[in-house]
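Novice: My questions will all concern the structure given below.
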Amino acid sequence: MVGLRAAACKLLIMDSIRWAFPCGSWVPTRDEWLLCASCVQPEEKHRIGQFVFTRDAKAAMAGRLLIRKLIAEQLQIPWDKILLQRTAKGKPFLAGDISAQHQTYNFNVSHQGDYAVLAAEPERQVGIDIMKTDLPGSSSIEDFFRIMKRQFTEKEWSSIRSMRSDWTQLDMFYRHWALKESFIKAIGVGLGFNLQRIEFEVSPINMEIGNVYTETKMWLDEEEEQWSFEEAMLDNQHHVAVALGEAKKNQQNPENEISTGISFTILSFEDLIASAIPMEPKDSSYWDNFNSKQDVPFRQRLKR
């Protein structure tokens with residue numbers, strides 16, 4: 001039996017994954033929310049329950065479910081046997097003895113705006129970030145740019161400012177921001193990294209919804225890096241950037257070692273929980289807590 005398990009592990013084929021779940025438009029029923037809460041680890045359930053707004057609770061819940069779905073389906077670990085922990089920088093990882101079998105399978109999640117997204121790679125460092133282009137909460141675009149000035153290089157600001165309107169400048173700003181965050185998340189350094197050390201040259205300038213672009217280049221400390229970046233727009237406001245570390249040579253198929261970009265699969269709620277196994281009984285008070293919250297801050301409701 002041990003030999004059969006070892007053989008199965010060798011035959012396990014792990015795919016590159018790009019998933020997106022539209023948590024902004026998800027209006028969970030009582031049964032859906034309680035099912036979700038019973039399918040995450042107790043400490044994560046508690047953390048999600050502490051969010052002030054339902055928008056943030058839904059996004060965080062979707063992020064945890066995306067990770068568990070990935071591990072259950074790609075690594076074939078039963079949902080209720082998955083143990084997730086966080087690094088000191090807050091990056092989730094698969095813990096326990098079973099994780100040693102899958103050390104080269106990397107994943108990362110992000111949620112912002114109306115989506116939660118996940119990227120996974122079998123052999124490469126990976127980081128993902130999503131940004132929604134939206135007006136600043138309490139300041140003008142000019143004031144917002146002034147506050148954020150130190151986060152970008154002069155060349156990047158030139159690219160942002162080259163756009164014709166305030167809105168397209170803001171859109172280019174968030175595109176750059178998603179790229180920077182995807183790299184930071186891939187290397188796992190967290191807060192404190194000087195973002196001016198990295199510089200992006202985005203290409204093409206205009207992107208179309210549904211396409212995946214891989215032409216953008218990055219410099220670190222003024223030296224061009226061999227990292228690859230996938231960029232996509234899930235709709236006309238949401239930019240997604242996926243940072244991919246240098247690909248290892250594929251000895252079996254050396255001509256096919258670099259991906260040309262992977263499109264995102266938009267998941268339904270049924271897709272999200274397809275492999276879920278409840279780990280504890282449903283807690284009706286958890287729904288009462290969720291149902292008592294506001295969706296978003298009052299000032300954001302006014303902008304709608």
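Going by the structure tokens order, chains are called A, B, ..., each with residues numbered from 1, while ligands are numbered from 1 in the order shown.
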Could you list, as a short mmCIF file (atom, residue, chain, number, x, y, z; two decimals) with all heavy atoms, in the first residue's frame, every residue within 9 Å of region 126-133 of chain A, counting only C-alpha atoms and ignoring same-chain residues fewer than 4 positions away?

Specialist:
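Listed below is the output, out_17.cif:
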```
data_model
loop_
_atom_site.label_atom_id
_atom_site.label_comp_id
_atom_site.auth_asym_id
_atom_site.auth_seq_id
_atom_site.Cartn_x
_atom_site.Cartn_y
_atom_site.Cartn_z
N ASN A 106 3.63 26.28 -5.66
CA ASN A 106 3.48 27.61 -5.06
C ASN A 106 2.14 28.22 -5.44
O ASN A 106 1.68 28.07 -6.58
CB ASN A 106 4.62 28.52 -5.50
CG ASN A 106 5.98 27.97 -5.11
OD1 ASN A 106 6.25 27.77 -3.94
ND2 ASN A 106 6.82 27.70 -6.10
N PHE A 107 1.54 28.94 -4.50
CA PHE A 107 0.27 29.60 -4.78
C PHE A 107 0.21 30.93 -4.04
O PHE A 107 0.93 31.16 -3.06
CB PHE A 107 -0.91 28.71 -4.37
CG PHE A 107 -0.93 28.35 -2.91
CD1 PHE A 107 -1.52 29.19 -1.97
CD2 PHE A 107 -0.35 27.17 -2.46
CE1 PHE A 107 -1.54 28.87 -0.63
CE2 PHE A 107 -0.36 26.83 -1.12
CZ PHE A 107 -0.96 27.68 -0.20
N ASN A 108 -0.68 31.79 -4.52
CA ASN A 108 -0.86 33.09 -3.88
C ASN A 108 -2.28 33.58 -4.20
O ASN A 108 -2.82 33.27 -5.25
CB ASN A 108 0.18 34.08 -4.39
CG ASN A 108 0.31 35.32 -3.52
OD1 ASN A 108 0.39 36.43 -4.01
ND2 ASN A 108 0.33 35.16 -2.21
N VAL A 109 -2.86 34.32 -3.27
CA VAL A 109 -4.21 34.87 -3.47
C VAL A 109 -4.20 36.37 -3.25
O VAL A 109 -3.30 36.94 -2.61
CB VAL A 109 -5.24 34.23 -2.50
CG1 VAL A 109 -5.42 32.76 -2.81
CG2 VAL A 109 -4.85 34.47 -1.06
N SER A 110 -5.22 37.02 -3.79
CA SER A 110 -5.40 38.46 -3.59
C SER A 110 -6.89 38.75 -3.69
O SER A 110 -7.62 38.05 -4.42
CB SER A 110 -4.64 39.26 -4.67
OG SER A 110 -4.85 40.66 -4.52
N HIS A 111 -7.36 39.73 -2.95
CA HIS A 111 -8.75 40.17 -3.11
C HIS A 111 -8.82 41.68 -2.90
O HIS A 111 -8.26 42.23 -1.96
CB HIS A 111 -9.70 39.43 -2.17
CG HIS A 111 -9.23 39.30 -0.75
ND1 HIS A 111 -9.32 40.33 0.17
CD2 HIS A 111 -8.69 38.25 -0.10
CE1 HIS A 111 -8.85 39.91 1.33
NE2 HIS A 111 -8.46 38.65 1.20
N GLN A 112 -9.49 42.32 -3.84
CA GLN A 112 -9.68 43.76 -3.77
C GLN A 112 -10.77 44.10 -4.77
O GLN A 112 -10.93 43.42 -5.79
CB GLN A 112 -8.38 44.51 -4.09
CG GLN A 112 -8.33 45.96 -3.61
CD GLN A 112 -8.80 46.96 -4.66
OE1 GLN A 112 -8.83 46.66 -5.84
NE2 GLN A 112 -9.15 48.17 -4.22
N GLY A 113 -11.54 45.13 -4.49
CA GLY A 113 -12.64 45.45 -5.40
C GLY A 113 -13.70 44.37 -5.36
O GLY A 113 -14.17 43.98 -4.30
N ASP A 114 -14.03 43.83 -6.52
CA ASP A 114 -15.15 42.89 -6.63
C ASP A 114 -14.74 41.44 -6.86
O ASP A 114 -15.59 40.60 -7.15
CB ASP A 114 -16.06 43.34 -7.79
CG ASP A 114 -16.61 44.74 -7.58
OD1 ASP A 114 -16.85 45.12 -6.41
OD2 ASP A 114 -16.78 45.47 -8.57
N TYR A 115 -13.44 41.14 -6.74
CA TYR A 115 -12.98 39.78 -7.02
C TYR A 115 -11.97 39.30 -5.97
O TYR A 115 -11.22 40.09 -5.40
CB TYR A 115 -12.29 39.71 -8.38
CG TYR A 115 -13.19 39.89 -9.57
CD1 TYR A 115 -13.43 41.16 -10.09
CD2 TYR A 115 -13.81 38.80 -10.19
CE1 TYR A 115 -14.26 41.34 -11.19
CE2 TYR A 115 -14.62 38.97 -11.29
CZ TYR A 115 -14.85 40.24 -11.79
OH TYR A 115 -15.66 40.41 -12.89
N ALA A 116 -11.97 37.98 -5.79
CA ALA A 116 -10.86 37.29 -5.15
C ALA A 116 -10.20 36.44 -6.23
O ALA A 116 -10.90 35.81 -7.04
CB ALA A 116 -11.36 36.40 -4.01
N VAL A 117 -8.86 36.44 -6.28
CA VAL A 117 -8.15 35.75 -7.36
C VAL A 117 -7.05 34.88 -6.77
O VAL A 117 -6.54 35.14 -5.68
CB VAL A 117 -7.54 36.75 -8.37
CG1 VAL A 117 -8.64 37.45 -9.16
CG2 VAL A 117 -6.66 37.80 -7.67
N LEU A 118 -6.70 33.84 -7.53
CA LEU A 118 -5.64 32.91 -7.12
C LEU A 118 -4.80 32.56 -8.33
O LEU A 118 -5.31 32.38 -9.45
CB LEU A 118 -6.25 31.65 -6.51
CG LEU A 118 -5.28 30.51 -6.15
CD1 LEU A 118 -5.75 29.78 -4.89
CD2 LEU A 118 -5.15 29.50 -7.30
N ALA A 119 -3.48 32.45 -8.10
CA ALA A 119 -2.55 31.92 -9.10
C ALA A 119 -1.72 30.84 -8.45
O ALA A 119 -1.32 30.97 -7.29
CB ALA A 119 -1.66 33.03 -9.65
N ALA A 120 -1.45 29.76 -9.18
CA ALA A 120 -0.63 28.66 -8.67
C ALA A 120 0.30 28.18 -9.76
O ALA A 120 -0.07 28.15 -10.94
CB ALA A 120 -1.51 27.52 -8.17
N GLU A 121 1.51 27.78 -9.34
CA GLU A 121 2.53 27.29 -10.27
C GLU A 121 3.24 26.08 -9.66
O GLU A 121 3.61 26.11 -8.48
CB GLU A 121 3.56 28.38 -10.56
CG GLU A 121 3.05 29.47 -11.49
CD GLU A 121 2.86 28.96 -12.90
OE1 GLU A 121 3.65 28.12 -13.37
OE2 GLU A 121 1.89 29.41 -13.56
N TRP A 167 -9.00 59.86 -15.42
CA TRP A 167 -9.41 58.48 -15.17
C TRP A 167 -8.40 57.48 -15.74
O TRP A 167 -8.06 56.50 -15.07
CB TRP A 167 -10.79 58.22 -15.77
CG TRP A 167 -11.27 56.82 -15.48
CD1 TRP A 167 -11.23 55.74 -16.31
CD2 TRP A 167 -11.82 56.35 -14.24
NE1 TRP A 167 -11.74 54.62 -15.68
CE2 TRP A 167 -12.10 54.97 -14.41
CE3 TRP A 167 -12.11 56.96 -13.02
CZ2 TRP A 167 -12.66 54.20 -13.40
CZ3 TRP A 167 -12.65 56.19 -12.02
CH2 TRP A 167 -12.93 54.83 -12.21
N LEU A 170 -5.41 57.38 -13.56
CA LEU A 170 -5.69 56.59 -12.36
C LEU A 170 -5.65 55.10 -12.69
O LEU A 170 -5.12 54.29 -11.92
CB LEU A 170 -7.06 56.99 -11.81
CG LEU A 170 -7.42 56.50 -10.41
CD1 LEU A 170 -6.48 57.09 -9.37
CD2 LEU A 170 -8.88 56.89 -10.08
N ASP A 171 -6.19 54.74 -13.86
CA ASP A 171 -6.19 53.35 -14.29
C ASP A 171 -4.76 52.83 -14.47
O ASP A 171 -4.44 51.72 -14.05
CB ASP A 171 -6.96 53.24 -15.61
CG ASP A 171 -7.34 51.82 -15.94
OD1 ASP A 171 -7.99 51.16 -15.11
OD2 ASP A 171 -6.98 51.35 -17.05
N MET A 172 -3.90 53.65 -15.08
CA MET A 172 -2.50 53.25 -15.27
C MET A 172 -1.77 53.17 -13.93
O MET A 172 -0.89 52.32 -13.73
CB MET A 172 -1.79 54.22 -16.21
CG MET A 172 -0.35 53.84 -16.56
SD MET A 172 -0.22 52.23 -17.39
CE MET A 172 -0.63 52.73 -19.07
N PHE A 173 -2.13 54.05 -13.00
CA PHE A 173 -1.56 54.00 -11.65
C PHE A 173 -1.84 52.64 -11.01
O PHE A 173 -0.93 51.98 -10.48
CB PHE A 173 -2.17 55.12 -10.79
CG PHE A 173 -1.84 55.02 -9.33
CD1 PHE A 173 -0.74 55.68 -8.81
CD2 PHE A 173 -2.63 54.27 -8.46
CE1 PHE A 173 -0.43 55.59 -7.45
CE2 PHE A 173 -2.32 54.18 -7.11
CZ PHE A 173 -1.22 54.83 -6.61
N TYR A 174 -3.10 52.20 -11.05
CA TYR A 174 -3.45 50.94 -10.41
C TYR A 174 -2.86 49.75 -11.15
O TYR A 174 -2.56 48.71 -10.53
CB TYR A 174 -4.97 50.81 -10.28
CG TYR A 174 -5.52 51.62 -9.14
CD1 TYR A 174 -6.36 52.71 -9.35
CD2 TYR A 174 -5.18 51.29 -7.83
CE1 TYR A 174 -6.85 53.46 -8.29
CE2 TYR A 174 -5.67 52.03 -6.76
CZ TYR A 174 -6.50 53.11 -7.00
OH TYR A 174 -6.98 53.85 -5.94
N ARG A 175 -2.66 49.87 -12.44
CA ARG A 175 -1.98 48.80 -13.18
C ARG A 175 -0.55 48.64 -12.67
O ARG A 175 -0.09 47.52 -12.40
CB ARG A 175 -1.99 49.11 -14.68
CG ARG A 175 -1.28 48.06 -15.52
CD ARG A 175 -1.32 48.40 -16.99
NE ARG A 175 -0.53 47.46 -17.77
CZ ARG A 175 -0.35 47.56 -19.09
NH1 ARG A 175 -0.92 48.55 -19.76
NH2 ARG A 175 0.40 46.67 -19.72
N TRP A 177 0.54 49.58 -9.76
CA TRP A 177 0.48 49.16 -8.36
C TRP A 177 0.29 47.65 -8.26
O TRP A 177 0.93 46.98 -7.44
CB TRP A 177 -0.65 49.89 -7.64
CG TRP A 177 -0.64 49.68 -6.16
CD1 TRP A 177 -1.41 48.81 -5.45
CD2 TRP A 177 0.21 50.32 -5.20
NE1 TRP A 177 -1.12 48.89 -4.11
CE2 TRP A 177 -0.12 49.81 -3.93
CE3 TRP A 177 1.20 51.29 -5.31
CZ2 TRP A 177 0.52 50.23 -2.77
CZ3 TRP A 177 1.84 51.71 -4.15
CH2 TRP A 177 1.50 51.18 -2.90
N ALA A 178 -0.60 47.09 -9.10
CA ALA A 178 -0.81 45.64 -9.10
C ALA A 178 0.47 44.91 -9.46
O ALA A 178 0.80 43.87 -8.86
CB ALA A 178 -1.94 45.28 -10.07
N LEU A 179 1.22 45.41 -10.43
CA LEU A 179 2.49 44.79 -10.83
C LEU A 179 3.47 44.77 -9.66
O LEU A 179 4.09 43.74 -9.35
CB LEU A 179 3.09 45.53 -12.01
CG LEU A 179 2.44 45.26 -13.38
CD1 LEU A 179 2.84 46.34 -14.38
CD2 LEU A 179 2.82 43.87 -13.90
N LYS A 180 3.61 45.91 -8.98
CA LYS A 180 4.56 45.98 -7.87
C LYS A 180 4.15 45.03 -6.74
O LYS A 180 5.00 44.31 -6.18
CB LYS A 180 4.65 47.42 -7.35
CG LYS A 180 5.25 48.39 -8.37
CD LYS A 180 6.08 49.47 -7.74
CE LYS A 180 6.74 50.33 -8.81
NZ LYS A 180 7.81 51.17 -8.30
N GLU A 181 2.88 45.04 -6.41
CA GLU A 181 2.42 44.18 -5.32
C GLU A 181 2.57 42.70 -5.67
O GLU A 181 2.86 41.87 -4.80
CB GLU A 181 0.97 44.50 -4.98
CG GLU A 181 0.79 45.81 -4.23
CD GLU A 181 1.38 45.76 -2.83
OE1 GLU A 181 1.31 44.70 -2.18
OE2 GLU A 181 1.93 46.78 -2.39
N SER A 182 2.35 42.34 -6.93
CA SER A 182 2.49 40.93 -7.31
C SER A 182 3.92 40.45 -7.09
O SER A 182 4.14 39.33 -6.61
CB SER A 182 2.08 40.72 -8.78
OG SER A 182 3.01 41.29 -9.68
N PHE A 183 4.90 41.29 -7.40
CA PHE A 183 6.30 40.92 -7.18
C PHE A 183 6.64 40.83 -5.70
O PHE A 183 7.27 39.88 -5.23
CB PHE A 183 7.23 41.92 -7.88
CG PHE A 183 8.69 41.67 -7.61
CD1 PHE A 183 9.33 40.58 -8.17
CD2 PHE A 183 9.42 42.54 -6.81
CE1 PHE A 183 10.68 40.34 -7.92
CE2 PHE A 183 10.77 42.31 -6.56
CZ PHE A 183 11.39 41.21 -7.12
N ILE A 184 6.18 41.82 -4.94
CA ILE A 184 6.43 41.83 -3.49
C ILE A 184 5.85 40.58 -2.84
O ILE A 184 6.46 39.95 -1.97
CB ILE A 184 5.83 43.10 -2.86
CG1 ILE A 184 6.55 44.35 -3.35
CG2 ILE A 184 5.88 43.02 -1.33
CD1 ILE A 184 8.02 44.38 -3.08
N LYS A 185 4.65 40.19 -3.27
CA LYS A 185 4.01 39.02 -2.70
C LYS A 185 4.72 37.74 -3.12
O LYS A 185 4.80 36.78 -2.35
CB LYS A 185 2.53 38.99 -3.10
CG LYS A 185 1.72 40.13 -2.48
CD LYS A 185 0.29 40.11 -2.93
CE LYS A 185 -0.46 38.93 -2.33
NZ LYS A 185 -1.87 38.91 -2.73
N ALA A 186 5.25 37.71 -4.34
CA ALA A 186 5.95 36.52 -4.80
C ALA A 186 7.21 36.26 -3.99
O ALA A 186 7.53 35.10 -3.67
CB ALA A 186 6.29 36.66 -6.28
N ILE A 187 7.95 37.32 -3.65
CA ILE A 187 9.19 37.12 -2.90
C ILE A 187 8.95 37.12 -1.39
O ILE A 187 9.86 36.81 -0.62
CB ILE A 187 10.26 38.18 -3.28
CG1 ILE A 187 9.79 39.60 -2.95
CG2 ILE A 187 10.61 38.07 -4.76
CD1 ILE A 187 10.84 40.67 -3.22
N GLY A 188 7.72 37.48 -0.97
CA GLY A 188 7.32 37.32 0.43
C GLY A 188 7.97 38.27 1.41
O GLY A 188 8.17 37.90 2.57
N ASN A 236 -13.69 46.19 -17.02
CA ASN A 236 -13.07 47.47 -17.37
C ASN A 236 -12.52 48.25 -16.18
O ASN A 236 -12.01 49.35 -16.35
CB ASN A 236 -14.04 48.35 -18.17
CG ASN A 236 -15.29 48.70 -17.38
OD1 ASN A 236 -15.42 48.37 -16.20
ND2 ASN A 236 -16.23 49.35 -18.03
N GLN A 237 -12.56 47.66 -14.97
CA GLN A 237 -12.00 48.33 -13.80
C GLN A 237 -10.96 47.49 -13.04
O GLN A 237 -10.21 48.05 -12.24
CB GLN A 237 -13.11 48.73 -12.82
CG GLN A 237 -13.91 49.96 -13.24
CD GLN A 237 -14.90 50.37 -12.16
OE1 GLN A 237 -16.01 49.86 -12.10
NE2 GLN A 237 -14.49 51.28 -11.31
N HIS A 238 -10.92 46.21 -13.27
CA HIS A 238 -10.08 45.33 -12.44
C HIS A 238 -8.85 44.83 -13.20
O HIS A 238 -8.98 44.04 -14.13
CB HIS A 238 -10.89 44.14 -11.94
CG HIS A 238 -11.89 44.49 -10.89
ND1 HIS A 238 -13.15 44.98 -11.20
CD2 HIS A 238 -11.84 44.43 -9.53
CE1 HIS A 238 -13.82 45.20 -10.08
NE2 HIS A 238 -13.04 44.87 -9.05
N HIS A 239 -7.67 45.31 -12.76
CA HIS A 239 -6.38 44.84 -13.28
C HIS A 239 -5.87 43.70 -12.41
O HIS A 239 -5.89 43.78 -11.19
CB HIS A 239 -5.33 45.96 -13.21
CG HIS A 239 -5.55 47.05 -14.20
ND1 HIS A 239 -5.11 46.99 -15.50
CD2 HIS A 239 -6.15 48.26 -14.07
CE1 HIS A 239 -5.43 48.11 -16.13
NE2 HIS A 239 -6.07 48.88 -15.29
N VAL A 240 -5.36 42.64 -13.05
CA VAL A 240 -4.70 41.55 -12.33
C VAL A 240 -3.29 41.41 -12.87
O VAL A 240 -3.08 41.42 -14.08
CB VAL A 240 -5.44 40.21 -12.49
CG1 VAL A 240 -4.78 39.15 -11.60
CG2 VAL A 240 -6.90 40.35 -12.13
N ALA A 241 -2.33 41.28 -11.96
CA ALA A 241 -0.94 41.03 -12.34
C ALA A 241 -0.47 39.76 -11.64
O ALA A 241 -0.71 39.58 -10.44
CB ALA A 241 -0.06 42.21 -11.96
N VAL A 242 0.20 38.90 -12.39
CA VAL A 242 0.79 37.68 -11.84
C VAL A 242 2.29 37.74 -12.08
O VAL A 242 2.74 37.85 -13.22
CB VAL A 242 0.21 36.42 -12.50
CG1 VAL A 242 0.87 35.16 -11.93
CG2 VAL A 242 -1.31 36.36 -12.31
N ALA A 243 3.07 37.70 -10.99
CA ALA A 243 4.53 37.69 -11.08
C ALA A 243 5.02 36.26 -11.03
O ALA A 243 4.61 35.48 -10.17
CB ALA A 243 5.13 38.49 -9.92
N LEU A 244 5.92 35.92 -11.97
CA LEU A 244 6.43 34.56 -12.08
C LEU A 244 7.94 34.57 -12.05
O LEU A 244 8.58 35.24 -12.87
CB LEU A 244 5.95 33.91 -13.38
CG LEU A 244 4.43 33.75 -13.53
CD1 LEU A 244 4.06 33.41 -14.96
CD2 LEU A 244 3.92 32.67 -12.58
N GLY A 245 8.52 33.83 -11.10
CA GLY A 245 9.97 33.73 -11.02
C GLY A 245 10.54 33.03 -12.24
O GLY A 245 9.82 32.43 -13.04
#
```

Novice: Using only C-alpha atoms, which protein or nucleic acid residues come within 8 Å of Tyr286 (chain A)? Drop anything in the same chain fewer than 6 positions from it, and give the result as a list of chain:residue names.

Specialist: A:Leu34, A:Ala37, A:Gly49

Novice: Might you pull out every residue within 6 Å of region 52-63 of chain A, with only C-alpha atoms counted and same-chain residues fewer than 6 positions away left off, and present them as a ChimeraX atom specification?

Specialist: /A:23,111,116,293-296

Novice: Identify which of the residues A:Lys217, A:Glu43, A:Ser292, A:Ser284 lies closest to Arg30 (chain A), counting only C-alpha atoms when measuring atom-to-atom distances.

Specialist: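 Distance minimum relative to Arg30 (chain A) lands on A:Ser284.
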
Novice: Running DSSP on the backbone, which parts of region 128-285 of chain A land in helix (DSSP H, G or I), as a PyMOL selection string?

Specialist: chain A and resi 141-147+149-151+154-161+166-187+195-197+254-256+269-272+284-285

Novice: I'd like to know which of A:Arg64, A:Ile82, A:Leu35, A:Lys89 is closest to Gly192 (chain A), using only C-alpha atoms.

Specialist: A:Lys89

Novice: I'd like the interatomic distance between CA of Arg86 (chain A) and CA of Glu44 (chain A), to a tenth of an Å.

Specialist: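 Rounded to one decimal, the two atoms are 10.8 Å apart.
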
Novice: Which residue, A:Asp235, A:Glu270, A:Glu199, A:Glu208, has the smallest gap to Glu222 (chain A) when you use only C-alpha atoms?

Specialist: A:Glu199

Novice: For Asn206 (chain A), which residue among A:Ile147, A:Met163, A:Leu220, A:Met279 is the nearest when counting only C-alpha atoms?

Specialist: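 Closest candidate: A:Met163.
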
Novice: Between A:Ser159, A:Thr153, A:Ser263, A:Gln169, which is the closest to Leu135 (chain A) once you count only C-alpha atoms?

Specialist: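 Checking each of A:Ser159, A:Thr153, A:Ser263, A:Gln169 against Leu135 (chain A), counting only C-alpha atoms, the winner is A:Gln169.
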
Novice: Nearest to Leu70 (chain A) among A:Asp31, A:Glu230, A:Asp271, A:Glu223, with distances taken over only C-alpha atoms: which residue is it?

Specialist: A:Asp271
